[in-house]
Amino acid sequence: MKNLELDLGERSYPIFIAPGILADGALWLKYIAGSQVCIVSNDTIAPLYLADLKAQLSEKNVCEVILPDGEAHKTLAVLEQVFDTLLANNHNRSTTLIALGGGVVGDMCGFAAACYQRGVQFIQIPTSLLAMVDSSVGGKTGVNHPLGKNMIGAFHQPNCVLADLNVLKTLSDREFSAGMAEVIKYGLICDAEFFGWLEQNIAGLMARDAELLSEAVYRCCENKATVVAEDEREGGRRAILNLGHTFGHAIETAEGYGNWLHGEAVAAGTALALALSVKLAWLAPDVAARGVALLEQAGLPVEPPSNMNVDQFLQLMGRDKKVVDGRLRLVLLVGLGEAVVTSEASIEIITEVLLAAGVSA
Ligand SMILES: NC(=O)c1ccc[n+]([C@@H]2O[C@H](COP(=O)([O-])OP(=O)(O)OC[C@H]3O[C@@H](n4cnc5c(N)ncnc54)[C@H](O)[C@@H]3O)[C@@H](O)[C@H]2O)c1
Ligand SMILES: O=C(O)C(=O)C[C@@H](O)[C@H](O)[C@H](O)COP(=O)(O)O
Ligand SMILES: [Zn+2]
């Protein structure tokens with residue numbers, strides 16, 4: 001068992017990382033204060049793990065909402081299903097929501113918890129690699145809008161995070177690779193030593209070696225917890241967790257939600273951010289090349305989609321949440337493990353980098 005604490009004063013919470021903890025209610029039932037529980041999952045994950053979870057909740061009054069699977073369903077309209085179920089079952093402010101799923105379920109359940117009766121408690125049980133290393137930690141919740149990713153949401157922290165490494169056995173290879181994009185992100189932005197460890201162990205990780213996976217999930221959560229503890233609501237440093245995301249979210253939106261997975265779009269976006277960092281002479285080309293090589297070894301795309309043009313990129317990037325007074329702010333690297341949030345990259349230089357990556361004029 002590897003435990004961490006995200007230190008946020010009265011909103012602090014533990015992150016439990018171990019194989020089999022889903023079935024260890026004795027460890028986590030104390031994070032459910034009242035008798036009412038609402039499990040939010042989807043129609044892929046529920047048949048696999050809902051019964052195991054419910055077996056631990058036999059003393060509680062449990063209802064469930066099974067959402068349609070997929071990024072395309074991360075919408076306000078689908079979120080209403082959670083509120084309908086909570087109200088139909090007379091859930092009050094002492095209810096606890098449980099997110100059982102990947103990042104989509106986690107973001108939606110967390111947002112429902114932030115909104116229902118102006119805020120109730122929730123627990124994150126991440127089932128994808130991406131959700132274990134990133135989305136279940138830190139309290140960003142929300143849904144997409146047709147014009148932009150995660151545009152409607154709230155910061156709302158869970159009571160605890162339960163990462164049961166056993167469930168990764170049923171995750172598809174494509175989704176596993178997508179999670180690796182966020183794993184590699186931590187090495188690039190704030191942990192050069194971890195990046196070196198990833199380079200050494202990438203083959204074993206892709207083979208899902210249990211010990212290596214446990215270490216990788218722990219190191220990512222540790223890095224994320226440190227960043228979030230410093231800057232819970234992204235007033236400053238937290239924005240480094242957005243490496244590759246300004247380009248990546250533009251790709252996800254332009255291609256239609258779910259066609260490029262979040263991790264795939266972040267990987268291609270990270271390659272663009274590395275190229276831009278080199279173009280500005282802030283990053284040595286060999287460091288950028290190591291980043292791109294590791295993403296490729298993780299089975300990820302490192303080139304933007306061939307059907308996007310520069311204007312599309314710039315228009316969608318212009319809606320990014322980091323934009324201030326109309327100026328883009330991007331996360332770039334000034335060294336391995338050293339990220340900065342900057343508005344110094346001009347539209348002209350960004351355009352040059354997009355064109356050099358094969359994006360059409
Ligand atoms: N809140 C945050 O800080 C944060 C961070 C990163 C990403 N995100 C968001 O997370 C989402 C991406 O998350 P994701 O990659 O987990 O996608 P996802 O939630 O769509 O899950 C990926 C796919 O794998 C399936 N799946 C999940 N766990 C499984 C398991 N154990 N066995 C079999 N199938 C399983 C899901 O049903 C889905 O089809 C995006 O919407 C992204 O914006 C949020
Ligand atoms: O936790 C954060 O902060 C992140 O930026 C993590 C990202 O991996 C994640 O995709 C997040 O949802 C992006 O946030 P957004 O504010 O750009 O929508
Ligand atoms: Zn992300």
# chains A, B, ... in the order shown; residues from 1 in each chain; ligands from 1
$ closest_atom_pairs --of "chain A" --to "ligand 1" --cutoff "8 Å" --atoms "only C-alpha atoms and all ligand atoms" --output "Markdown table"
| residue | atom | partner | partner_atom_place_in_ligand_line | distance |
| --- | --- | --- | --- | --- |
| A:Asn42 | CA | ligand 1 | 37 (O) | 6.3 |
| A:Asp43 | CA | ligand 1 | 37 (O) | 7.2 |
| A:Thr44 | CA | ligand 1 | 37 (O) | 4.8 |
| A:Ile45 | CA | ligand 1 | 37 (O) | 5.5 |
| A:Leu48 | CA | ligand 1 | 32 (N) | 7.3 |
| A:Asp69 | CA | ligand 1 | 37 (O) | 5.4 |
| A:Gly70 | CA | ligand 1 | 20 (O) | 4.9 |
| A:Glu71 | CA | ligand 1 | 20 (O) | 5.4 |
| A:Lys74 | CA | ligand 1 | 41 (O) | 7.0 |
| A:Gly101 | CA | ligand 1 | 27 (C) | 5.4 |
| A:Gly102 | CA | ligand 1 | 19 (O) | 3.3 |
| A:Gly103 | CA | ligand 1 | 13 (O) | 3.2 |
| A:Val104 | CA | ligand 1 | 19 (O) | 3.8 |
| A:Val105 | CA | ligand 1 | 19 (O) | 5.6 |
| A:Gly106 | CA | ligand 1 | 1 (N) | 7.3 |
| A:Asp107 | CA | ligand 1 | 1 (N) | 5.4 |
| A:Pro126 | CA | ligand 1 | 28 (N) | 7.3 |
| A:Thr127 | CA | ligand 1 | 28 (N) | 4.1 |
| A:Ser128 | CA | ligand 1 | 28 (N) | 3.9 |
| A:Leu129 | CA | ligand 1 | 16 (O) | 6.7 |
| A:Leu130 | CA | ligand 1 | 15 (O) | 4.9 |
| A:Ala131 | CA | ligand 1 | 16 (O) | 4.8 |
| A:Asp134 | CA | ligand 1 | 5 (C) | 4.9 |
| A:Ser135 | CA | ligand 1 | 4 (C) | 3.4 |
| A:Ser136 | CA | ligand 1 | 1 (N) | 6.3 |
| A:Val137 | CA | ligand 1 | 3 (O) | 6.4 |
| A:Gly138 | CA | ligand 1 | 3 (O) | 6.1 |
| A:Gly139 | CA | ligand 1 | 1 (N) | 6.4 |
| A:Lys140 | CA | ligand 1 | 1 (N) | 4.2 |
| A:Thr141 | CA | ligand 1 | 1 (N) | 5.2 |
| A:Gly142 | CA | ligand 1 | 1 (N) | 7.5 |
| A:Val143 | CA | ligand 1 | 41 (O) | 7.6 |
| A:Asn144 | CA | ligand 1 | 41 (O) | 7.8 |
| A:Lys149 | CA | ligand 1 | 43 (O) | 6.8 |
| A:Asn150 | CA | ligand 1 | 43 (O) | 6.4 |
| A:Val167 | CA | ligand 1 | 31 (N) | 4.5 |
| A:Leu168 | CA | ligand 1 | 31 (N) | 4.8 |
| A:Lys169 | CA | ligand 1 | 31 (N) | 6.7 |
| A:Thr170 | CA | ligand 1 | 32 (N) | 4.0 |
| A:Leu171 | CA | ligand 1 | 32 (N) | 3.9 |
| A:Ser172 | CA | ligand 1 | 33 (C) | 6.4 |
| A:Glu175 | CA | ligand 1 | 22 (C) | 5.7 |
| A:Ala178 | CA | ligand 1 | 15 (O) | 6.2 |
| A:Gly179 | CA | ligand 1 | 15 (O) | 6.0 |
| A:Glu182 | CA | ligand 1 | 6 (C) | 7.4 |
| A:Gly258 | CA | ligand 1 | 20 (O) | 7.8 |
| A:Leu261 | CA | ligand 1 | 15 (O) | 6.9 |
| A:His262 | CA | ligand 1 | 40 (C) | 5.4 |
| A:Gly263 | CA | ligand 1 | 15 (O) | 6.4 |
$ residues_around --residues "A:Asn89" --least-positions-apart "6" --cutoff "10 Å" --atoms "only C-alpha atoms" --output "PyMOL selection string"
chain A and resi 36+38+61-64+83
$ write_last_selection --atoms "all heavy atoms" --output "compact mmCIF listing (two decimals), in the first residue's frame"
# COMPACT_ATOMS: atom_id res chain seq x y z
N GLN A 36 -26.50 7.83 2.94
CA GLN A 36 -26.85 7.82 1.51
C GLN A 36 -25.60 7.86 0.62
O GLN A 36 -24.68 8.67 0.86
CB GLN A 36 -27.71 9.05 1.18
CG GLN A 36 -29.06 9.03 1.86
CD GLN A 36 -29.89 10.25 1.49
OE1 GLN A 36 -29.37 11.36 1.41
NE2 GLN A 36 -31.17 10.05 1.26
N CYS A 38 -24.47 7.60 -3.67
CA CYS A 38 -24.85 7.48 -5.08
C CYS A 38 -23.60 7.19 -5.90
O CYS A 38 -22.67 8.01 -5.94
CB CYS A 38 -25.52 8.77 -5.57
SG CYS A 38 -25.93 8.71 -7.33
N ASN A 61 -27.44 3.13 2.13
CA ASN A 61 -28.59 3.25 1.24
C ASN A 61 -28.04 3.73 -0.12
O ASN A 61 -27.72 4.90 -0.28
CB ASN A 61 -29.54 4.28 1.89
CG ASN A 61 -30.62 4.73 0.97
OD1 ASN A 61 -30.77 4.22 -0.13
ND2 ASN A 61 -31.38 5.71 1.43
N VAL A 62 -27.90 2.78 -1.06
CA VAL A 62 -27.13 3.05 -2.29
C VAL A 62 -28.04 3.17 -3.52
O VAL A 62 -28.93 2.34 -3.72
CB VAL A 62 -26.13 1.90 -2.55
CG1 VAL A 62 -25.30 2.17 -3.80
CG2 VAL A 62 -25.21 1.71 -1.36
N CYS A 63 -27.81 4.20 -4.32
CA CYS A 63 -28.40 4.22 -5.66
C CYS A 63 -27.27 4.39 -6.67
O CYS A 63 -26.12 4.64 -6.28
CB CYS A 63 -29.45 5.32 -5.81
SG CYS A 63 -28.78 6.98 -5.82
N GLU A 64 -27.57 4.22 -7.93
CA GLU A 64 -26.51 4.30 -8.94
C GLU A 64 -27.00 4.98 -10.21
O GLU A 64 -28.20 4.94 -10.52
CB GLU A 64 -25.98 2.89 -9.26
CG GLU A 64 -27.02 2.01 -9.89
CD GLU A 64 -26.89 0.54 -9.47
OE1 GLU A 64 -26.54 0.27 -8.30
OE2 GLU A 64 -27.17 -0.31 -10.31
N PHE A 83 -28.46 14.29 -11.40
CA PHE A 83 -29.38 15.06 -10.55
C PHE A 83 -30.76 14.40 -10.50
O PHE A 83 -31.39 14.35 -9.45
CB PHE A 83 -29.48 16.51 -11.05
CG PHE A 83 -28.15 17.20 -11.13
CD1 PHE A 83 -27.74 17.86 -12.28
CD2 PHE A 83 -27.28 17.17 -10.05
CE1 PHE A 83 -26.51 18.49 -12.35
CE2 PHE A 83 -26.04 17.79 -10.11
CZ PHE A 83 -25.65 18.45 -11.26
$ closest_atom_pairs --of "stretch 166-204 of chain A" --to "stretch 271-291 of chain A" --cutoff "10 Å" --atoms "only C-alpha atoms" --output "Markdown table"
| residue | atom | partner | partner_atom | distance |
| --- | --- | --- | --- | --- |
| A:Ile184 | CA | A:Gly291 | CA | 8.0 |
| A:Lys185 | CA | A:Gly291 | CA | 9.1 |
| A:Gly187 | CA | A:Gly291 | CA | 9.2 |
| A:Leu188 | CA | A:Gly291 | CA | 7.3 |
| A:Phe195 | CA | A:Gly291 | CA | 8.7 |
| A:Gly196 | CA | A:Arg290 | CA | 9.8 |
| A:Glu199 | CA | A:Arg290 | CA | 8.7 |
$ write_last_selection --atoms "C-alpha atoms" --output "PDB file, in the first residue's frame"
ATOM      1  CA  ILE A 184       5.387  11.527 -19.009  1.00  0.00           C
ATOM      2  CA  LYS A 185       4.078  15.068 -18.429  1.00  0.00           C
ATOM      3  CA  GLY A 187       8.695  14.047 -15.707  1.00  0.00           C
ATOM      4  CA  LEU A 188       8.871  16.862 -18.235  1.00  0.00           C
ATOM      5  CA  PHE A 195      11.719  11.276 -16.443  1.00  0.00           C
ATOM      6  CA  GLY A 196      15.027   9.357 -16.391  1.00  0.00           C
ATOM      7  CA  GLU A 199      13.184   6.189 -19.889  1.00  0.00           C
TER       8      GLU A 199
END
$ closest_residue --among "A:Ser12, A:Thr342, A:Gln121, A:Gln157" --to "A:Asn92" --atoms "only C-alpha atoms"
A:Gln121
$ closest_residue --among "A:Pro301, A:Val353, A:Asn307, A:Asp231" --to "A:Ala265" --atoms "only C-alpha atoms"
A:Pro301
$ select_by_dssp --residues "stretch 72-311 of chain A" --states "strand (DSSP E)" --output "VMD selection string"
chain A and resid 96 to 101 121 to 126 140 to 145 148 to 155 161 to 164
$ write_last_selection --atoms "N, CA and C atoms" --output "PDB file, in the first residue's frame"
ATOM      1  N   THR A  96     -23.165  11.041  -0.195  1.00  0.00           N
ATOM      2  CA  THR A  96     -21.804  10.996  -0.771  1.00  0.00           C
ATOM      3  C   THR A  96     -21.901  10.374  -2.153  1.00  0.00           C
ATOM      4  N   LEU A  97     -21.359  11.069  -3.152  1.00  0.00           N
ATOM      5  CA  LEU A  97     -21.283  10.509  -4.502  1.00  0.00           C
ATOM      6  C   LEU A  97     -19.969   9.747  -4.630  1.00  0.00           C
ATOM      7  N   ILE A  98     -19.985   8.663  -5.378  1.00  0.00           N
ATOM      8  CA  ILE A  98     -18.745   7.916  -5.642  1.00  0.00           C
ATOM      9  C   ILE A  98     -18.550   7.823  -7.149  1.00  0.00           C
ATOM     10  N   ALA A  99     -17.422   8.328  -7.618  1.00  0.00           N
ATOM     11  CA  ALA A  99     -17.076   8.216  -9.046  1.00  0.00           C
ATOM     12  C   ALA A  99     -16.332   6.908  -9.245  1.00  0.00           C
ATOM     13  N   LEU A 100     -16.909   6.000 -10.016  1.00  0.00           N
ATOM     14  CA  LEU A 100     -16.258   4.724 -10.336  1.00  0.00           C
ATOM     15  C   LEU A 100     -16.001   4.726 -11.839  1.00  0.00           C
ATOM     16  N   GLY A 101     -14.808   5.141 -12.235  1.00  0.00           N
ATOM     17  CA  GLY A 101     -14.545   5.194 -13.662  1.00  0.00           C
ATOM     18  C   GLY A 101     -13.280   5.955 -14.005  1.00  0.00           C
ATOM     19  N   GLN A 121     -20.449  15.794  -0.634  1.00  0.00           N
ATOM     20  CA  GLN A 121     -19.133  15.144  -0.631  1.00  0.00           C
ATOM     21  C   GLN A 121     -19.042  14.097  -1.734  1.00  0.00           C
ATOM     22  N   PHE A 122     -17.808  13.803  -2.144  1.00  0.00           N
ATOM     23  CA  PHE A 122     -17.639  12.705  -3.106  1.00  0.00           C
ATOM     24  C   PHE A 122     -16.289  12.030  -2.943  1.00  0.00           C
ATOM     25  N   ILE A 123     -16.235  10.820  -3.510  1.00  0.00           N
ATOM     26  CA  ILE A 123     -15.024   9.990  -3.454  1.00  0.00           C
ATOM     27  C   ILE A 123     -14.641   9.636  -4.888  1.00  0.00           C
ATOM     28  N   GLN A 124     -13.353   9.623  -5.149  1.00  0.00           N
ATOM     29  CA  GLN A 124     -12.872   9.239  -6.478  1.00  0.00           C
ATOM     30  C   GLN A 124     -12.340   7.808  -6.439  1.00  0.00           C
ATOM     31  N   ILE A 125     -12.903   6.940  -7.272  1.00  0.00           N
ATOM     32  CA  ILE A 125     -12.311   5.605  -7.488  1.00  0.00           C
ATOM     33  C   ILE A 125     -11.913   5.541  -8.965  1.00  0.00           C
ATOM     34  N   PRO A 126     -10.697   5.994  -9.278  1.00  0.00           N
ATOM     35  CA  PRO A 126     -10.257   6.043 -10.679  1.00  0.00           C
ATOM     36  C   PRO A 126      -9.987   4.643 -11.211  1.00  0.00           C
ATOM     37  N   LYS A 140     -10.231  19.361  -9.987  1.00  0.00           N
ATOM     38  CA  LYS A 140     -10.829  19.975 -11.178  1.00  0.00           C
ATOM     39  C   LYS A 140     -11.965  19.068 -11.639  1.00  0.00           C
ATOM     40  N   THR A 141     -13.162  19.620 -11.752  1.00  0.00           N
ATOM     41  CA  THR A 141     -14.323  18.836 -12.195  1.00  0.00           C
ATOM     42  C   THR A 141     -15.038  19.628 -13.287  1.00  0.00           C
ATOM     43  N   GLY A 142     -15.829  18.947 -14.100  1.00  0.00           N
ATOM     44  CA  GLY A 142     -16.576  19.702 -15.103  1.00  0.00           C
ATOM     45  C   GLY A 142     -17.000  18.881 -16.299  1.00  0.00           C
ATOM     46  N   VAL A 143     -17.580  19.594 -17.264  1.00  0.00           N
ATOM     47  CA  VAL A 143     -18.032  18.974 -18.517  1.00  0.00           C
ATOM     48  C   VAL A 143     -17.553  19.829 -19.697  1.00  0.00           C
ATOM     49  N   ASN A 144     -17.645  19.251 -20.883  1.00  0.00           N
ATOM     50  CA  ASN A 144     -17.252  19.957 -22.100  1.00  0.00           C
ATOM     51  C   ASN A 144     -18.409  20.786 -22.644  1.00  0.00           C
ATOM     52  N   HIS A 145     -18.067  21.735 -23.510  1.00  0.00           N
ATOM     53  CA  HIS A 145     -19.041  22.487 -24.310  1.00  0.00           C
ATOM     54  C   HIS A 145     -18.649  22.233 -25.778  1.00  0.00           C
ATOM     55  N   GLY A 148     -15.588  24.132 -26.553  1.00  0.00           N
ATOM     56  CA  GLY A 148     -14.336  24.029 -25.795  1.00  0.00           C
ATOM     57  C   GLY A 148     -14.382  23.015 -24.667  1.00  0.00           C
ATOM     58  N   LYS A 149     -13.197  22.453 -24.377  1.00  0.00           N
ATOM     59  CA  LYS A 149     -13.045  21.389 -23.374  1.00  0.00           C
ATOM     60  C   LYS A 149     -13.164  21.924 -21.954  1.00  0.00           C
ATOM     61  N   ASN A 150     -13.879  21.206 -21.129  1.00  0.00           N
ATOM     62  CA  ASN A 150     -13.978  21.488 -19.679  1.00  0.00           C
ATOM     63  C   ASN A 150     -14.377  22.937 -19.409  1.00  0.00           C
ATOM     64  N   MET A 151     -15.234  23.482 -20.265  1.00  0.00           N
ATOM     65  CA  MET A 151     -15.528  24.913 -20.141  1.00  0.00           C
ATOM     66  C   MET A 151     -16.516  25.228 -19.025  1.00  0.00           C
ATOM     67  N   ILE A 152     -17.219  24.201 -18.546  1.00  0.00           N
ATOM     68  CA  ILE A 152     -18.196  24.425 -17.476  1.00  0.00           C
ATOM     69  C   ILE A 152     -17.800  23.511 -16.332  1.00  0.00           C
ATOM     70  N   GLY A 153     -17.443  24.083 -15.205  1.00  0.00           N
ATOM     71  CA  GLY A 153     -16.985  23.224 -14.120  1.00  0.00           C
ATOM     72  C   GLY A 153     -16.743  23.967 -12.832  1.00  0.00           C
ATOM     73  N   ALA A 154     -16.126  23.266 -11.896  1.00  0.00           N
ATOM     74  CA  ALA A 154     -15.872  23.843 -10.575  1.00  0.00           C
ATOM     75  C   ALA A 154     -14.664  23.146  -9.953  1.00  0.00           C
ATOM     76  N   PHE A 155     -14.023  23.841  -9.031  1.00  0.00           N
ATOM     77  CA  PHE A 155     -13.029  23.165  -8.200  1.00  0.00           C
ATOM     78  C   PHE A 155     -13.789  22.560  -7.027  1.00  0.00           C
ATOM     79  N   VAL A 161      -9.174   9.419  -2.435  1.00  0.00           N
ATOM     80  CA  VAL A 161      -8.968   8.811  -3.756  1.00  0.00           C
ATOM     81  C   VAL A 161      -8.517   7.369  -3.526  1.00  0.00           C
ATOM     82  N   LEU A 162      -9.171   6.427  -4.200  1.00  0.00           N
ATOM     83  CA  LEU A 162      -8.832   5.003  -4.049  1.00  0.00           C
ATOM     84  C   LEU A 162      -8.373   4.465  -5.397  1.00  0.00           C
ATOM     85  N   ALA A 163      -7.073   4.294  -5.572  1.00  0.00           N
ATOM     86  CA  ALA A 163      -6.544   3.764  -6.838  1.00  0.00           C
ATOM     87  C   ALA A 163      -6.234   2.284  -6.655  1.00  0.00           C
ATOM     88  N   ASP A 164      -7.143   1.443  -7.150  1.00  0.00           N
ATOM     89  CA  ASP A 164      -6.967  -0.015  -7.061  1.00  0.00           C
ATOM     90  C   ASP A 164      -6.266  -0.482  -8.339  1.00  0.00           C
TER      91      ASP A 164
END
$ select_by_dssp --residues "stretch 201-329 of chain A" --states "alpha helix (DSSP H)" --output "ChimeraX atom specification"
/A:201-206,210-230,245-255,262-279,285-297,310-317
$ write_last_selection --atoms "C-alpha atoms" --output "compact mmCIF listing (two decimals), in the first residue's frame"
# COMPACT_ATOMS: atom_id res chain seq x y z
CA ASN A 201 11.57 1.45 -17.40
CA ILE A 202 9.32 2.25 -20.34
CA ALA A 203 9.31 -1.33 -21.68
CA GLY A 204 8.29 -2.77 -18.30
CA LEU A 205 5.65 -0.11 -17.81
CA MET A 206 4.10 -0.77 -21.22
CA ALA A 210 2.78 -4.35 -11.31
CA GLU A 211 5.68 -2.94 -9.25
CA LEU A 212 6.62 -0.39 -11.90
CA LEU A 213 3.01 0.70 -12.33
CA SER A 214 2.58 1.15 -8.60
CA GLU A 215 5.71 3.31 -8.47
CA ALA A 216 4.63 5.38 -11.50
CA VAL A 217 1.14 6.06 -10.11
CA TYR A 218 2.66 7.02 -6.76
CA ARG A 219 5.23 9.39 -8.28
CA CYS A 220 2.62 11.11 -10.45
CA CYS A 221 0.19 11.57 -7.55
CA GLU A 222 3.02 12.82 -5.36
CA ASN A 223 4.01 15.42 -7.95
CA LYS A 224 0.42 16.47 -8.58
CA ALA A 225 -0.33 16.70 -4.86
CA THR A 226 2.70 18.95 -4.35
CA VAL A 227 1.68 21.30 -7.16
CA VAL A 228 -1.99 21.44 -6.13
CA ALA A 229 -1.13 21.99 -2.46
CA GLU A 230 0.83 25.09 -3.53
CA HIS A 245 -3.11 20.98 -23.21
CA THR A 246 -3.66 24.30 -25.03
CA PHE A 247 -2.79 22.55 -28.31
CA GLY A 248 -4.32 19.27 -27.10
CA HIS A 249 -7.71 20.65 -26.14
CA ALA A 250 -7.88 22.39 -29.54
CA ILE A 251 -7.28 19.02 -31.20
CA GLU A 252 -9.94 17.24 -29.11
CA THR A 253 -12.51 19.94 -29.85
CA ALA A 254 -11.73 20.21 -33.57
CA GLU A 255 -11.68 16.46 -34.15
CA HIS A 262 -7.44 13.23 -24.26
CA GLY A 263 -4.04 11.61 -23.69
CA GLU A 264 -3.39 11.31 -27.42
CA ALA A 265 -4.20 14.98 -27.99
CA VAL A 266 -2.01 15.94 -25.01
CA ALA A 267 0.86 13.88 -26.46
CA ALA A 268 0.67 15.64 -29.83
CA GLY A 269 0.25 18.95 -27.98
CA THR A 270 3.28 18.21 -25.82
CA ALA A 271 5.39 17.56 -28.93
CA LEU A 272 4.28 21.00 -30.21
CA ALA A 273 5.09 22.65 -26.87
CA LEU A 274 8.55 21.04 -26.91
CA ALA A 275 9.13 22.25 -30.49
CA LEU A 276 8.04 25.76 -29.49
CA SER A 277 10.37 25.71 -26.48
CA VAL A 278 13.25 24.79 -28.81
CA LYS A 279 12.21 27.43 -31.37
CA PRO A 285 16.92 20.17 -28.94
CA ASP A 286 18.21 16.91 -27.46
CA VAL A 287 15.92 17.28 -24.41
CA ALA A 288 12.92 17.85 -26.69
CA ALA A 289 13.94 14.81 -28.74
CA ARG A 290 14.02 12.68 -25.57
CA GLY A 291 10.50 13.83 -24.70
CA VAL A 292 9.16 13.00 -28.15
CA ALA A 293 10.95 9.62 -28.17
CA LEU A 294 9.42 8.64 -24.83
CA LEU A 295 5.93 9.59 -26.00
CA GLU A 296 6.47 7.46 -29.11
CA GLN A 297 7.70 4.52 -27.03
CA VAL A 310 -3.48 26.99 -38.41
CA ASP A 311 -6.56 29.23 -38.09
CA GLN A 312 -8.54 26.44 -36.48
CA PHE A 313 -5.75 25.89 -33.96
CA LEU A 314 -5.42 29.59 -33.15
CA GLN A 315 -9.16 30.16 -32.83
CA LEU A 316 -9.66 27.22 -30.47
CA MET A 317 -6.48 27.99 -28.50
$ residues_around --residues "stretch 78-82 of chain A" --least-positions-apart "2" --cutoff "8 Å" --atoms "only C-alpha atoms" --output "list of chain:residue names"
A:Val40, A:Val65, A:Leu67, A:His73, A:Lys74, A:Thr75, A:Leu76, A:Asp84, A:Thr85, A:Leu86, A:Met108, A:Cys109, A:Ala112
$ atom_distance --atom1 "atom CA of A:Lys321" --atom2 "atom CA of A:Glu303"
23.3 Å
$ closest_residue --among "A:Thr95, A:Asn166, A:Asn309, A:Asn242" --to "ligand 3" --atoms "only C-alpha atoms and all ligand atoms"
A:Asn242
$ residues_around --residues "A:Leu53" --least-positions-apart "4" --cutoff "8 Å" --atoms "only C-alpha atoms" --output "count of residues only"
4
$ closest_residue --among "A:Val334, A:Leu4, A:Leu354, A:Val341" --to "A:Glu234" --atoms "only C-alpha atoms"
A:Val341
$ closest_residue --among "A:Ser94, A:Asn159, A:Gln200, A:Ser58" --to "A:Phe16" --atoms "only C-alpha atoms"
A:Asn159
$ atom_distance --atom1 "atom CA of A:Asn259" --atom2 "atom CA of A:Pro146"
13.8 Å
$ decode --residues "stretch 87-91 of chain A" --atoms "all heavy atoms" --output "mmCIF file, in the first residue's frame"
data_model
loop_
_atom_site.group_PDB
_atom_site.id
_atom_site.type_symbol
_atom_site.label_atom_id
_atom_site.label_comp_id
_atom_site.auth_asym_id
_atom_site.auth_seq_id
_atom_site.Cartn_x
_atom_site.Cartn_y
_atom_site.Cartn_z
ATOM 1 N N LEU A 87 -32.436 13.184 -6.948
ATOM 2 C CA LEU A 87 -33.718 13.718 -6.484
ATOM 3 C C LEU A 87 -34.782 12.627 -6.398
ATOM 4 O O LEU A 87 -35.551 12.569 -5.433
ATOM 5 C CB LEU A 87 -34.173 14.854 -7.408
ATOM 6 C CG LEU A 87 -33.361 16.136 -7.184
ATOM 7 C CD1 LEU A 87 -33.563 17.115 -8.328
ATOM 8 C CD2 LEU A 87 -33.741 16.774 -5.856
ATOM 9 N N ALA A 88 -34.795 11.745 -7.392
ATOM 10 C CA ALA A 88 -35.791 10.670 -7.378
ATOM 11 C C ALA A 88 -35.624 9.784 -6.142
ATOM 12 O O ALA A 88 -36.580 9.180 -5.659
ATOM 13 C CB ALA A 88 -35.671 9.838 -8.651
ATOM 14 N N ASN A 89 -34.381 9.711 -5.634
ATOM 15 C CA ASN A 89 -34.105 8.879 -4.458
ATOM 16 C C ASN A 89 -34.005 9.698 -3.165
ATOM 17 O O ASN A 89 -33.498 9.213 -2.152
ATOM 18 C CB ASN A 89 -32.822 8.067 -4.677
ATOM 19 C CG ASN A 89 -33.019 6.970 -5.706
ATOM 20 O OD1 ASN A 89 -33.534 5.906 -5.395
ATOM 21 N ND2 ASN A 89 -32.654 7.259 -6.946
ATOM 22 N N ASN A 90 -34.471 10.950 -3.238
ATOM 23 C CA ASN A 90 -34.513 11.825 -2.053
ATOM 24 C C ASN A 90 -33.162 11.979 -1.358
ATOM 25 O O ASN A 90 -33.083 11.973 -0.123
ATOM 26 C CB ASN A 90 -35.541 11.311 -1.026
ATOM 27 C CG ASN A 90 -36.947 11.414 -1.575
ATOM 28 O OD1 ASN A 90 -37.287 12.419 -2.200
ATOM 29 N ND2 ASN A 90 -37.723 10.371 -1.394
ATOM 30 N N HIS A 91 -32.097 12.094 -2.146
ATOM 31 C CA HIS A 91 -30.781 12.294 -1.510
ATOM 32 C C HIS A 91 -30.668 13.723 -1.000
ATOM 33 O O HIS A 91 -31.068 14.672 -1.671
ATOM 34 C CB HIS A 91 -29.655 11.955 -2.493
ATOM 35 C CG HIS A 91 -29.386 10.496 -2.549
ATOM 36 N ND1 HIS A 91 -28.150 9.933 -2.350
ATOM 37 C CD2 HIS A 91 -30.239 9.454 -2.747
ATOM 38 C CE1 HIS A 91 -28.235 8.619 -2.433
ATOM 39 N NE2 HIS A 91 -29.495 8.302 -2.681
#
